[in-house]
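Printed here is model.pdb (PDB, C-alpha atoms and all ligand atoms):
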ATOM      1  CA  MET A  20     104.634 122.631  84.696  1.00  0.00           C
ATOM      2  CA  ILE A  21     101.822 122.556  87.248  1.00  0.00           C
ATOM      3  CA  VAL A  22     100.825 119.325  89.009  1.00  0.00           C
ATOM      4  CA  THR A  23      97.637 119.540  91.079  1.00  0.00           C
ATOM      5  CA  ILE A  24      96.765 117.114  93.861  1.00  0.00           C
ATOM      6  CA  ASP A  25      93.268 117.349  95.310  1.00  0.00           C
ATOM      7  CA  GLY A  26      91.301 115.057  97.565  1.00  0.00           C
ATOM      8  CA  PRO A  27      89.633 114.694 100.956  1.00  0.00           C
ATOM      9  CA  ALA A  28      91.367 115.208 104.305  1.00  0.00           C
ATOM     10  CA  GLY A  29      93.393 112.201 105.399  1.00  0.00           C
ATOM     11  CA  ALA A  30      94.040 110.758 101.933  1.00  0.00           C
ATOM     12  CA  GLY A  31      97.741 111.451 102.454  1.00  0.00           C
ATOM     13  CA  LYS A  32      97.885 114.421 100.065  1.00  0.00           C
ATOM     14  CA  SER A  33     100.350 116.571 102.006  1.00  0.00           C
ATOM     15  CA  THR A  34     102.909 113.830 102.600  1.00  0.00           C
ATOM     16  CA  VAL A  35     102.667 112.567  99.047  1.00  0.00           C
ATOM     17  CA  ALA A  36     102.642 116.003  97.402  1.00  0.00           C
ATOM     18  CA  ARG A  37     105.658 117.145  99.396  1.00  0.00           C
ATOM     19  CA  ALA A  38     107.611 113.973  98.567  1.00  0.00           C
ATOM     20  CA  LEU A  39     106.593 114.181  94.898  1.00  0.00           C
ATOM     21  CA  ALA A  40     107.783 117.791  94.655  1.00  0.00           C
ATOM     22  CA  LYS A  41     111.111 116.800  96.195  1.00  0.00           C
ATOM     23  CA  ARG A  42     111.599 113.902  93.765  1.00  0.00           C
ATOM     24  CA  LEU A  43     110.785 116.100  90.766  1.00  0.00           C
ATOM     25  CA  GLY A  44     112.739 119.120  92.007  1.00  0.00           C
ATOM     26  CA  PHE A  45     109.505 121.154  91.858  1.00  0.00           C
ATOM     27  CA  ARG A  46     108.222 123.739  94.308  1.00  0.00           C
ATOM     28  CA  PHE A  47     105.531 122.556  96.733  1.00  0.00           C
ATOM     29  CA  LEU A  48     102.447 124.576  97.634  1.00  0.00           C
ATOM     30  CA  ASP A  49     100.278 123.536 100.595  1.00  0.00           C
ATOM     31  CA  THR A  50      97.127 125.605 100.008  1.00  0.00           C
ATOM     32  CA  GLY A  51      95.402 124.242 103.127  1.00  0.00           C
ATOM     33  CA  ALA A  52      98.125 126.001 105.137  1.00  0.00           C
ATOM     34  CA  MET A  53      96.944 129.316 103.662  1.00  0.00           C
ATOM     35  CA  TYR A  54      93.337 128.735 104.803  1.00  0.00           C
ATOM     36  CA  ARG A  55      94.688 127.708 108.180  1.00  0.00           C
ATOM     37  CA  ALA A  56      96.831 130.862 108.439  1.00  0.00           C
ATOM     38  CA  VAL A  57      93.804 133.089 107.708  1.00  0.00           C
ATOM     39  CA  THR A  58      91.839 131.129 110.335  1.00  0.00           C
ATOM     40  CA  LEU A  59      94.580 131.644 112.912  1.00  0.00           C
ATOM     41  CA  ALA A  60      94.664 135.359 112.098  1.00  0.00           C
ATOM     42  CA  GLY A  61      90.896 135.436 112.714  1.00  0.00           C
ATOM     43  CA  MET A  62      91.242 133.646 116.043  1.00  0.00           C
ATOM     44  CA  ARG A  63      93.946 136.005 117.221  1.00  0.00           C
ATOM     45  CA  ARG A  64      92.023 139.115 116.206  1.00  0.00           C
ATOM     46  CA  LYS A  65      88.881 137.597 117.740  1.00  0.00           C
ATOM     47  CA  VAL A  66      86.784 138.167 114.630  1.00  0.00           C
ATOM     48  CA  ASP A  67      83.069 137.617 114.829  1.00  0.00           C
ATOM     49  CA  TRP A  68      82.719 134.341 112.868  1.00  0.00           C
ATOM     50  CA  GLU A  69      79.152 135.265 112.021  1.00  0.00           C
ATOM     51  CA  ARG A  70      80.428 138.297 110.095  1.00  0.00           C
ATOM     52  CA  PRO A  71      82.300 137.003 107.024  1.00  0.00           C
ATOM     53  CA  ASP A  72      83.404 140.525 106.035  1.00  0.00           C
ATOM     54  CA  GLU A  73      85.675 140.746 109.081  1.00  0.00           C
ATOM     55  CA  LEU A  74      87.583 137.616 108.096  1.00  0.00           C
ATOM     56  CA  ALA A  75      87.679 138.689 104.438  1.00  0.00           C
ATOM     57  CA  GLU A  76      89.227 142.007 105.424  1.00  0.00           C
ATOM     58  CA  LEU A  77      91.837 140.217 107.562  1.00  0.00           C
ATOM     59  CA  ALA A  78      92.683 137.907 104.657  1.00  0.00           C
ATOM     60  CA  ARG A  79      93.201 140.955 102.469  1.00  0.00           C
ATOM     61  CA  GLN A  80      95.588 142.563 104.946  1.00  0.00           C
ATOM     62  CA  ALA A  81      97.450 139.475 106.163  1.00  0.00           C
ATOM     63  CA  LYS A  82     100.835 138.672 104.675  1.00  0.00           C
ATOM     64  CA  ILE A  83     101.060 134.928 104.182  1.00  0.00           C
ATOM     65  CA  ASP A  84     104.362 133.460 103.028  1.00  0.00           C
ATOM     66  CA  LEU A  85     105.247 129.823 102.499  1.00  0.00           C
ATOM     67  CA  VAL A  86     109.013 129.582 102.793  1.00  0.00           C
ATOM     68  CA  GLY A  87     110.333 126.059 102.364  1.00  0.00           C
ATOM     69  CA  ASP A  88     108.448 124.003 104.960  1.00  0.00           C
ATOM     70  CA  ARG A  89     107.576 127.025 107.084  1.00  0.00           C
ATOM     71  CA  VAL A  90     104.399 129.099 107.091  1.00  0.00           C
ATOM     72  CA  LEU A  91     104.729 132.768 107.979  1.00  0.00           C
ATOM     73  CA  LEU A  92     101.856 135.021 108.998  1.00  0.00           C
ATOM     74  CA  ASP A  93     102.853 138.687 108.987  1.00  0.00           C
ATOM     75  CA  GLY A  94     106.450 137.554 109.335  1.00  0.00           C
ATOM     76  CA  GLU A  95     105.820 135.233 112.315  1.00  0.00           C
ATOM     77  CA  ASP A  96     106.472 131.505 111.983  1.00  0.00           C
ATOM     78  CA  VAL A  97     103.069 129.835 112.603  1.00  0.00           C
ATOM     79  CA  THR A  98     103.889 126.407 111.115  1.00  0.00           C
ATOM     80  CA  GLU A  99     102.965 124.556 114.306  1.00  0.00           C
ATOM     81  CA  ALA A 100     100.224 126.923 115.497  1.00  0.00           C
ATOM     82  CA  ILE A 101      98.108 126.378 112.359  1.00  0.00           C
ATOM     83  CA  ARG A 102      97.901 122.616 113.039  1.00  0.00           C
ATOM     84  CA  SER A 103      95.935 122.935 116.286  1.00  0.00           C
ATOM     85  CA  GLN A 104      92.532 121.270 116.650  1.00  0.00           C
ATOM     86  CA  GLU A 105      90.882 124.658 117.060  1.00  0.00           C
ATOM     87  CA  VAL A 106      92.284 125.924 113.756  1.00  0.00           C
ATOM     88  CA  THR A 107      91.122 122.706 112.062  1.00  0.00           C
ATOM     89  CA  LEU A 108      87.611 123.196 113.445  1.00  0.00           C
ATOM     90  CA  ARG A 109      87.432 126.893 112.600  1.00  0.00           C
ATOM     91  CA  SER A 110      88.972 126.613 109.127  1.00  0.00           C
ATOM     92  CA  CYS A 111      85.543 126.026 107.558  1.00  0.00           C
ATOM     93  CA  HIS A 112      84.878 129.765 108.023  1.00  0.00           C
ATOM     94  CA  ALA A 113      87.851 130.668 105.831  1.00  0.00           C
ATOM     95  CA  ALA A 114      87.163 127.856 103.357  1.00  0.00           C
ATOM     96  CA  GLY A 115      83.496 128.821 102.914  1.00  0.00           C
ATOM     97  CA  ASN A 116      84.132 132.570 102.549  1.00  0.00           C
ATOM     98  CA  PRO A 117      84.064 133.639  98.864  1.00  0.00           C
ATOM     99  CA  ARG A 118      86.194 136.751  99.421  1.00  0.00           C
ATOM    100  CA  VAL A 119      88.813 134.821 101.388  1.00  0.00           C
ATOM    101  CA  ARG A 120      88.911 132.237  98.603  1.00  0.00           C
ATOM    102  CA  GLU A 121      89.246 134.930  95.958  1.00  0.00           C
ATOM    103  CA  ARG A 122      92.232 136.399  97.785  1.00  0.00           C
ATOM    104  CA  LEU A 123      93.948 133.049  98.365  1.00  0.00           C
ATOM    105  CA  VAL A 124      93.354 131.845  94.802  1.00  0.00           C
ATOM    106  CA  GLU A 125      95.028 135.043  93.604  1.00  0.00           C
ATOM    107  CA  LEU A 126      98.011 134.340  95.900  1.00  0.00           C
ATOM    108  CA  GLN A 127      98.212 130.706  94.753  1.00  0.00           C
ATOM    109  CA  ARG A 128      98.300 131.740  91.090  1.00  0.00           C
ATOM    110  CA  ALA A 129     100.976 134.345  91.851  1.00  0.00           C
ATOM    111  CA  VAL A 130     103.159 131.738  93.615  1.00  0.00           C
ATOM    112  CA  ALA A 131     102.776 129.235  90.763  1.00  0.00           C
ATOM    113  CA  GLY A 132     103.333 131.707  87.925  1.00  0.00           C
ATOM    114  CA  GLY A 133     105.927 130.334  85.522  1.00  0.00           C
ATOM    115  CA  THR A 134     107.382 127.746  87.916  1.00  0.00           C
ATOM    116  CA  ASN A 135     107.400 123.984  88.169  1.00  0.00           C
ATOM    117  CA  ILE A 136     105.124 123.275  91.088  1.00  0.00           C
ATOM    118  CA  VAL A 137     103.146 120.582  92.880  1.00  0.00           C
ATOM    119  CA  THR A 138     100.124 122.238  94.454  1.00  0.00           C
ATOM    120  CA  GLU A 139      97.835 120.496  96.910  1.00  0.00           C
ATOM    121  CA  GLY A 140      94.326 121.279  98.166  1.00  0.00           C
ATOM    122  CA  ARG A 141      90.662 120.781  97.303  1.00  0.00           C
ATOM    123  CA  ASP A 142      90.102 123.012  94.251  1.00  0.00           C
ATOM    124  CA  GLN A 143      93.497 123.148  92.572  1.00  0.00           C
ATOM    125  CA  GLY A 144      92.600 121.146  89.466  1.00  0.00           C
ATOM    126  CA  THR A 145      89.058 122.486  89.182  1.00  0.00           C
ATOM    127  CA  VAL A 146      89.135 126.204  90.023  1.00  0.00           C
ATOM    128  CA  VAL A 147      92.672 127.466  90.547  1.00  0.00           C
ATOM    129  CA  PHE A 148      94.607 125.728  87.762  1.00  0.00           C
ATOM    130  CA  PRO A 149      92.040 124.314  85.321  1.00  0.00           C
ATOM    131  CA  ASP A 150      94.741 124.122  82.610  1.00  0.00           C
ATOM    132  CA  ALA A 151      97.299 122.228  84.738  1.00  0.00           C
ATOM    133  CA  ARG A 152      99.168 119.609  82.696  1.00  0.00           C
ATOM    134  CA  CYS A 153      98.846 116.889  85.326  1.00  0.00           C
ATOM    135  CA  LYS A 154      95.951 116.522  87.764  1.00  0.00           C
ATOM    136  CA  VAL A 155      95.598 113.921  90.487  1.00  0.00           C
ATOM    137  CA  PHE A 156      92.641 113.158  92.752  1.00  0.00           C
ATOM    138  CA  LEU A 157      93.932 111.245  95.749  1.00  0.00           C
ATOM    139  CA  THR A 158      91.510 109.234  97.866  1.00  0.00           C
ATOM    140  CA  ALA A 159      91.473 106.477 100.475  1.00  0.00           C
ATOM    141  CA  SER A 160      88.615 104.631 102.135  1.00  0.00           C
ATOM    142  CA  PRO A 161      86.972 106.460 105.083  1.00  0.00           C
ATOM    143  CA  LYS A 162      88.249 103.823 107.514  1.00  0.00           C
ATOM    144  CA  GLU A 163      91.846 104.060 106.336  1.00  0.00           C
ATOM    145  CA  ARG A 164      91.770 107.859 106.396  1.00  0.00           C
ATOM    146  CA  ALA A 165      90.335 107.871 109.922  1.00  0.00           C
ATOM    147  CA  ALA A 166      92.931 105.353 111.112  1.00  0.00           C
ATOM    148  CA  ARG A 167      95.726 107.593 109.776  1.00  0.00           C
ATOM    149  CA  ARG A 168      94.207 110.655 111.416  1.00  0.00           C
ATOM    150  CA  LEU A 169      93.888 108.777 114.718  1.00  0.00           C
ATOM    151  CA  GLY A 170      97.577 107.856 114.480  1.00  0.00           C
ATOM    152  CA  ASP A 171      98.469 111.538 113.908  1.00  0.00           C
ATOM    153  CA  LEU A 172      96.368 112.627 116.901  1.00  0.00           C
ATOM    154  CA  GLU A 173      97.939 109.993 119.143  1.00  0.00           C
ATOM    155  CA  ALA A 174     101.390 111.128 118.039  1.00  0.00           C
ATOM    156  CA  GLN A 175     100.397 114.664 119.116  1.00  0.00           C
ATOM    157  CA  GLY A 176      99.273 113.299 122.491  1.00  0.00           C
ATOM    158  CA  GLU A 177      95.566 113.926 121.815  1.00  0.00           C
ATOM    159  CA  ALA A 178      92.998 111.322 122.857  1.00  0.00           C
ATOM    160  CA  ALA A 179      90.201 110.199 120.502  1.00  0.00           C
ATOM    161  CA  THR A 180      88.440 107.024 119.382  1.00  0.00           C
ATOM    162  CA  LEU A 181      88.140 105.702 115.827  1.00  0.00           C
ATOM    163  CA  ALA A 182      84.365 106.258 115.968  1.00  0.00           C
ATOM    164  CA  GLU A 183      84.805 109.920 116.938  1.00  0.00           C
ATOM    165  CA  VAL A 184      87.365 110.509 114.213  1.00  0.00           C
ATOM    166  CA  LEU A 185      85.160 108.781 111.612  1.00  0.00           C
ATOM    167  CA  ASP A 186      82.199 110.901 112.615  1.00  0.00           C
ATOM    168  CA  ALA A 187      84.126 114.199 112.468  1.00  0.00           C
ATOM    169  CA  GLN A 188      85.623 113.172 109.136  1.00  0.00           C
ATOM    170  CA  GLN A 189      82.222 112.436 107.645  1.00  0.00           C
ATOM    171  CA  ARG A 190      80.962 115.861 108.665  1.00  0.00           C
ATOM    172  CA  ARG A 191      84.060 117.544 107.245  1.00  0.00           C
ATOM    173  CA  ASP A 192      83.782 115.636 103.953  1.00  0.00           C
ATOM    174  CA  ARG A 193      80.174 116.667 103.591  1.00  0.00           C
ATOM    175  CA  ARG A 194      81.021 120.305 104.276  1.00  0.00           C
ATOM    176  CA  ASP A 195      84.054 120.247 101.941  1.00  0.00           C
ATOM    177  CA  SER A 196      82.073 118.763  99.057  1.00  0.00           C
ATOM    178  CA  SER A 197      78.910 120.788  99.442  1.00  0.00           C
ATOM    179  CA  ARG A 198      80.181 124.344  99.895  1.00  0.00           C
ATOM    180  CA  SER A 199      79.157 126.704  97.119  1.00  0.00           C
ATOM    181  CA  VAL A 200      82.654 128.116  96.557  1.00  0.00           C
ATOM    182  CA  GLY A 201      85.725 125.980  95.781  1.00  0.00           C
ATOM    183  CA  PRO A 202      84.152 122.663  96.791  1.00  0.00           C
ATOM    184  CA  LEU A 203      86.172 119.478  96.942  1.00  0.00           C
ATOM    185  CA  ALA A 204      85.671 117.870  93.536  1.00  0.00           C
ATOM    186  CA  LYS A 205      87.523 115.716  91.046  1.00  0.00           C
ATOM    187  CA  ALA A 206      88.332 117.553  87.828  1.00  0.00           C
ATOM    188  CA  PRO A 207      87.022 115.573  84.835  1.00  0.00           C
ATOM    189  CA  ASP A 208      90.579 115.219  83.504  1.00  0.00           C
ATOM    190  CA  ALA A 209      92.156 114.226  86.857  1.00  0.00           C
ATOM    191  CA  VAL A 210      93.591 110.768  87.438  1.00  0.00           C
ATOM    192  CA  GLU A 211      92.016 109.223  90.537  1.00  0.00           C
ATOM    193  CA  LEU A 212      94.244 107.152  92.786  1.00  0.00           C
ATOM    194  CA  CYS A 213      93.030 105.301  95.887  1.00  0.00           C
ATOM    195  CA  THR A 214      95.952 104.908  98.279  1.00  0.00           C
ATOM    196  CA  ASP A 215      94.486 102.111 100.441  1.00  0.00           C
ATOM    197  CA  GLY A 216      97.190  99.571 101.250  1.00  0.00           C
ATOM    198  CA  MET A 217      99.899 101.564  99.449  1.00  0.00           C
ATOM    199  CA  THR A 218     103.006 102.972 101.103  1.00  0.00           C
ATOM    200  CA  VAL A 219     103.929 106.622 100.571  1.00  0.00           C
ATOM    201  CA  ASP A 220     106.848 105.516  98.362  1.00  0.00           C
ATOM    202  CA  GLN A 221     104.567 103.408  96.189  1.00  0.00           C
ATOM    203  CA  VAL A 222     102.153 106.305  95.707  1.00  0.00           C
ATOM    204  CA  VAL A 223     104.976 108.719  94.925  1.00  0.00           C
ATOM    205  CA  ASP A 224     106.530 106.269  92.418  1.00  0.00           C
ATOM    206  CA  ARG A 225     103.198 105.996  90.647  1.00  0.00           C
ATOM    207  CA  LEU A 226     102.807 109.777  90.493  1.00  0.00           C
ATOM    208  CA  VAL A 227     106.377 110.379  89.334  1.00  0.00           C
ATOM    209  CA  SER A 228     105.778 108.128  86.329  1.00  0.00           C
ATOM    210  CA  LEU A 229     102.460 109.840  85.631  1.00  0.00           C
ATOM    211  CA  VAL A 230     104.126 113.275  85.638  1.00  0.00           C
ATOM    212  CA  ARG A 231     107.024 112.065  83.462  1.00  0.00           C
ATOM    213  CA  LYS A 232     104.567 110.913  80.820  1.00  0.00           C
ATOM    214  CA  ARG A 233     103.017 114.396  80.694  1.00  0.00           C
ATOM    215  CA  GLN A 234     106.293 116.344  80.653  1.00  0.00           C
TER     216      GLN A 234
HETATM  217  O1  LIG A 301      94.102 120.324 103.956  1.00  0.00           O
HETATM  218  P1  LIG A 301      93.904 121.044 105.260  1.00  0.00           P
HETATM  219  O2  LIG A 301      93.236 120.232 106.313  1.00  0.00           O
HETATM  220  O3  LIG A 301      95.153 121.688 105.771  1.00  0.00           O
HETATM  221  O4  LIG A 301      92.890 122.238 104.917  1.00  0.00           O
HETATM  222  C1  LIG A 301      92.508 123.188 105.887  1.00  0.00           C
HETATM  223  C2  LIG A 301      91.148 123.776 105.518  1.00  0.00           C
HETATM  224  O5  LIG A 301      91.232 124.505 104.302  1.00  0.00           O
HETATM  225  C3  LIG A 301      90.036 122.753 105.316  1.00  0.00           C
HETATM  226  O6  LIG A 301      88.857 123.284 105.897  1.00  0.00           O
HETATM  227  C4  LIG A 301      89.879 122.656 103.822  1.00  0.00           C
HETATM  228  O7  LIG A 301      88.573 122.382 103.453  1.00  0.00           O
HETATM  229  C5  LIG A 301      90.269 124.041 103.374  1.00  0.00           C
HETATM  230  N1  LIG A 301      90.894 124.079 102.050  1.00  0.00           N
HETATM  231  C6  LIG A 301      90.188 124.628 101.012  1.00  0.00           C
HETATM  232  N2  LIG A 301      90.759 124.723  99.778  1.00  0.00           N
HETATM  233  C7  LIG A 301      92.001 124.296  99.560  1.00  0.00           C
HETATM  234  C8  LIG A 301      92.751 123.723 100.627  1.00  0.00           C
HETATM  235  C9  LIG A 301      92.148 123.613 101.851  1.00  0.00           C
HETATM  236  O8  LIG A 301      89.042 125.028 101.185  1.00  0.00           O
HETATM  237  N3  LIG A 301      92.551 124.445  98.351  1.00  0.00           N
END
Any chance you could put this one into structure tokens?
Amino acid sequence: MIVTIDGPAGAGKSTVARALAKRLGFRFLDTGAMYRAVTLAGMRRKVDWERPDELAELARQAKIDLVGDRVLLDGEDVTEAIRSQEVTLRSCHAAGNPRVRERLVELQRAVAGGTNIVTEGRDQGTVVFPDARCKVFLTASPKERAARRLGDLEAQGEAATLAEVLDAQQRRDRRDSSRSVGPLAKAPDAVELCTDGMTVDQVVDRLVSLVRKRQ
């Protein structure tokens, strides 16, 4: 069974999807980590960001493995490296590149083939797994998402204000929703859940019962 969880950055998708997979005994697939790994590969090889073919070629050659909680790029553990601010900023080049998307969608389908999986991203219910049995669109208000992101940044020792985070988030949302390939969108048959004021456990409980009903 495939469970897709899509939604904007900061809605709590990763935490919730990972916890949901654990509760169900399903595999977990963080597709954002794949776009981040391609971005990191591009940064290291110093690709020309204005030449999408260079990044597409790298994505074709790169070996990306998600092993448990770890992300491997050509065999090297890059789990922490892909979370840097620079990777976050540059990841729009991988996300907006049709050939990179094609390659990663192919990988995502190969990973999910025949398994029970919770897969998380922007286009999982719309493009990658349109026939998934259970689709969720997770949201939260812009203010709540920005407050969570600010908390994460502070925990990493990075300084920012709520206004700055809100502004960057708005720009990212606009870019995520308006790109021509794999845009962030709610599948018509997805269940939308706004997580404002809910704890992670409450959200996971709600999703577990949703999945059980579809099993
Ligand atoms: O979710 P996360 O912040 O890790 O995503 C990293 C980047 O990958 C973002 O730019 C996001 O838009 C993109 N992405 C995507 N499609 C997905 C998952 C993430 O374009 N399925």
* I need the residue set behind the PyMOL selection byres (((chain A and resi 188-199) around 9) and not hetatm) for this file; please write it as a PyMOL selection string. => chain A and resi 27-29+111+114-115+117+141+161+164-165+183-187+200-204
Can you write just those residues out, C-alpha atoms, as a compact mmCIF listing (two decimals), in the coordinates of the input?
# COMPACT_ATOMS: atom_id res chain seq x y z
CA PRO A 27 89.63 114.69 100.96
CA ALA A 28 91.37 115.21 104.30
CA GLY A 29 93.39 112.20 105.40
CA CYS A 111 85.54 126.03 107.56
CA ALA A 114 87.16 127.86 103.36
CA GLY A 115 83.50 128.82 102.91
CA PRO A 117 84.06 133.64 98.86
CA ARG A 141 90.66 120.78 97.30
CA PRO A 161 86.97 106.46 105.08
CA ARG A 164 91.77 107.86 106.40
CA ALA A 165 90.34 107.87 109.92
CA GLU A 183 84.80 109.92 116.94
CA VAL A 184 87.36 110.51 114.21
CA LEU A 185 85.16 108.78 111.61
CA ASP A 186 82.20 110.90 112.62
CA ALA A 187 84.13 114.20 112.47
CA VAL A 200 82.65 128.12 96.56
CA GLY A 201 85.72 125.98 95.78
CA PRO A 202 84.15 122.66 96.79
CA LEU A 203 86.17 119.48 96.94
CA ALA A 204 85.67 117.87 93.54
* **Long-range neighbours of Lys205 of chain A as an MDAnalysis selection string, 8 Å cut-off, all atoms listed in the file, 4 positions minimum in chain** => chainID A and resid 25:26 144:145 156 209 211
* To do: Please identify all polymer residues within 12 Å of Glu177 of chain A, counting all atoms listed in the file, omitting same-chain residues fewer than 4 positions from it, and present them as JSON, numbers by chain.
  => {"A": [103, 104, 168, 169, 170, 171, 172, 173, 184]}
* Asked: Hey, can you check how far atom C8 of ligand LIG 301 (chain A) sits from atom CA of Val146 of chain A?
  -> 11.5 Å
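Checking A:Arg37, A:Arg118, A:Arg70, A:Arg64 one by one against Asp88 of chain A, counting all atoms listed in the file, you find the shortest gap at A:Arg37.
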* Once the PyMOL selection byres (((chain A and resi 113) around 8) and not hetatm) has been applied to the shown file, what residues remain in the selection, as a list of chain:residue names? -> A:Tyr54, A:Arg55, A:Val57, A:Thr58, A:Leu74, A:Arg109, A:Ser110, A:Cys111, A:His112, A:Ala114, A:Gly115, A:Asn116, A:Val119, A:Arg120
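Our summary of the geometry notes that atom CA of Val210 of chain A is positioned 13.4 Å from atom CA of Gln143 of chain A.
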* Asked: Which polymer residues have any atom within 6 Å of an atom of Thr138 of chain A, counting only C-alpha atoms, with same-chain residues fewer than 5 positions away left out, as a ChimeraX atom specification?
  -> /A:23,47-48
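Candidate residues A:Leu123, A:Leu92, A:Ile83, A:Val22 were compared for distance to ligand LIG 301 (chain A), and the nearest is A:Leu123, using all atoms listed in the file.
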Using the chain letters and numbering of this document, enumerate as a short mmCIF file (atom, residue, chain, number, x, y, z; two decimals) with C-alpha atoms, keeping the file's coordinate frame the residues selected by the PyMOL selection byres (((chain A and resi 159) around 7) and not hetatm).
data_model
loop_
_atom_site.label_atom_id
_atom_site.label_comp_id
_atom_site.auth_asym_id
_atom_site.auth_seq_id
_atom_site.Cartn_x
_atom_site.Cartn_y
_atom_site.Cartn_z
CA ALA A 30 94.04 110.76 101.93
CA THR A 158 91.51 109.23 97.87
CA SER A 160 88.62 104.63 102.14
CA PRO A 161 86.97 106.46 105.08
CA GLU A 163 91.85 104.06 106.34
CA ARG A 164 91.77 107.86 106.40
CA CYS A 213 93.03 105.30 95.89
CA THR A 214 95.95 104.91 98.28
CA ASP A 215 94.49 102.11 100.44
#
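Minimum atom-to-atom distances from A:Leu181, A:Val230, A:Pro149, A:Gly61 to Ala40 of chain A were compared using all atoms listed in the file, and the lowest value belongs to A:Val230.
Here atom CA of Ala129 of chain A and atom CA of Phe148 of chain A stand 11.5 Å from one another.
Residue nearest ligand LIG 301 (chain A) within the list A:Asp96, A:Asp49, A:Asp220, A:Asp84: A:Asp49 [criterion: smallest interatomic distance, only C-alpha atoms and all ligand atoms].
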* Can you list, as a ChimeraX atom specification, every protein, DNA or RNA residue that comes within 7 Å of Val223 of chain A when you count all atoms listed in the file, leaving out same-chain residues fewer than 5 positions away? -> /A:35,38-39
* Structure fact -> If you count only C-alpha atoms and all ligand atoms, the residue of A:Gly44, A:Gly87, A:Gly31, A:Gly176 closest to ligand LIG 301 (chain A) turns out to be A:Gly31
* Taking into account only C-alpha atoms and all ligand atoms, which residue in the set A:Gly216, A:Gly133, A:Pro207, A:Gly140 is nearest to ligand LIG 301 (chain A)? -> A:Gly140
Edge lengths and centre, in Å to one decimal, as AutoDock Vina command-line options: that's what I need for the box along x, y and z that holds all listed atoms of ligand LIG 301 (chain A) plus 5 Å on each side.
--center_x 91.9 --center_y 122.6 --center_z 102.3 --size_x 16.6 --size_y 14.8 --size_z 18.0
Could you rebuild segment 86-99 of chain A with N, CA and C atoms and give it back as a PDB file, in the coordinates of the input?
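result-v2.pdb was written with the following content:
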ATOM      1  N   VAL A  86     107.574 129.573 103.060  1.00  0.00           N
ATOM      2  CA  VAL A  86     109.013 129.582 102.793  1.00  0.00           C
ATOM      3  C   VAL A  86     109.567 128.211 103.131  1.00  0.00           C
ATOM      4  N   GLY A  87     109.911 127.440 102.112  1.00  0.00           N
ATOM      5  CA  GLY A  87     110.333 126.059 102.364  1.00  0.00           C
ATOM      6  C   GLY A  87     109.197 125.336 103.065  1.00  0.00           C
ATOM      7  N   ASP A  88     109.477 124.730 104.212  1.00  0.00           N
ATOM      8  CA  ASP A  88     108.448 124.003 104.960  1.00  0.00           C
ATOM      9  C   ASP A  88     107.726 124.895 105.967  1.00  0.00           C
ATOM     10  N   ARG A  89     108.119 126.159 106.042  1.00  0.00           N
ATOM     11  CA  ARG A  89     107.576 127.025 107.084  1.00  0.00           C
ATOM     12  C   ARG A  89     106.450 127.918 106.556  1.00  0.00           C
ATOM     13  N   VAL A  90     105.510 128.214 107.441  1.00  0.00           N
ATOM     14  CA  VAL A  90     104.399 129.099 107.091  1.00  0.00           C
ATOM     15  C   VAL A  90     104.526 130.367 107.929  1.00  0.00           C
ATOM     16  N   LEU A  91     104.585 131.504 107.263  1.00  0.00           N
ATOM     17  CA  LEU A  91     104.729 132.768 107.979  1.00  0.00           C
ATOM     18  C   LEU A  91     103.464 133.601 107.846  1.00  0.00           C
ATOM     19  N   LEU A  92     103.013 134.126 108.986  1.00  0.00           N
ATOM     20  CA  LEU A  92     101.856 135.021 108.998  1.00  0.00           C
ATOM     21  C   LEU A  92     102.357 136.373 109.500  1.00  0.00           C
ATOM     22  N   ASP A  93     102.295 137.367 108.658  1.00  0.00           N
ATOM     23  CA  ASP A  93     102.853 138.687 108.987  1.00  0.00           C
ATOM     24  C   ASP A  93     104.263 138.555 109.558  1.00  0.00           C
ATOM     25  N   GLY A  94     105.047 137.701 108.952  1.00  0.00           N
ATOM     26  CA  GLY A  94     106.450 137.554 109.335  1.00  0.00           C
ATOM     27  C   GLY A  94     106.704 136.586 110.486  1.00  0.00           C
ATOM     28  N   GLU A  95     105.630 136.141 111.169  1.00  0.00           N
ATOM     29  CA  GLU A  95     105.820 135.233 112.315  1.00  0.00           C
ATOM     30  C   GLU A  95     105.661 133.777 111.872  1.00  0.00           C
ATOM     31  N   ASP A  96     106.538 132.919 112.340  1.00  0.00           N
ATOM     32  CA  ASP A  96     106.472 131.505 111.983  1.00  0.00           C
ATOM     33  C   ASP A  96     105.302 130.839 112.734  1.00  0.00           C
ATOM     34  N   VAL A  97     104.266 130.424 111.978  1.00  0.00           N
ATOM     35  CA  VAL A  97     103.069 129.835 112.603  1.00  0.00           C
ATOM     36  C   VAL A  97     102.872 128.377 112.147  1.00  0.00           C
ATOM     37  N   THR A  98     103.963 127.764 111.674  1.00  0.00           N
ATOM     38  CA  THR A  98     103.889 126.407 111.115  1.00  0.00           C
ATOM     39  C   THR A  98     103.206 125.423 112.072  1.00  0.00           C
ATOM     40  N   GLU A  99     103.571 125.489 113.341  1.00  0.00           N
ATOM     41  CA  GLU A  99     102.965 124.556 114.306  1.00  0.00           C
ATOM     42  C   GLU A  99     101.587 125.059 114.743  1.00  0.00           C
TER      43      GLU A  99
END
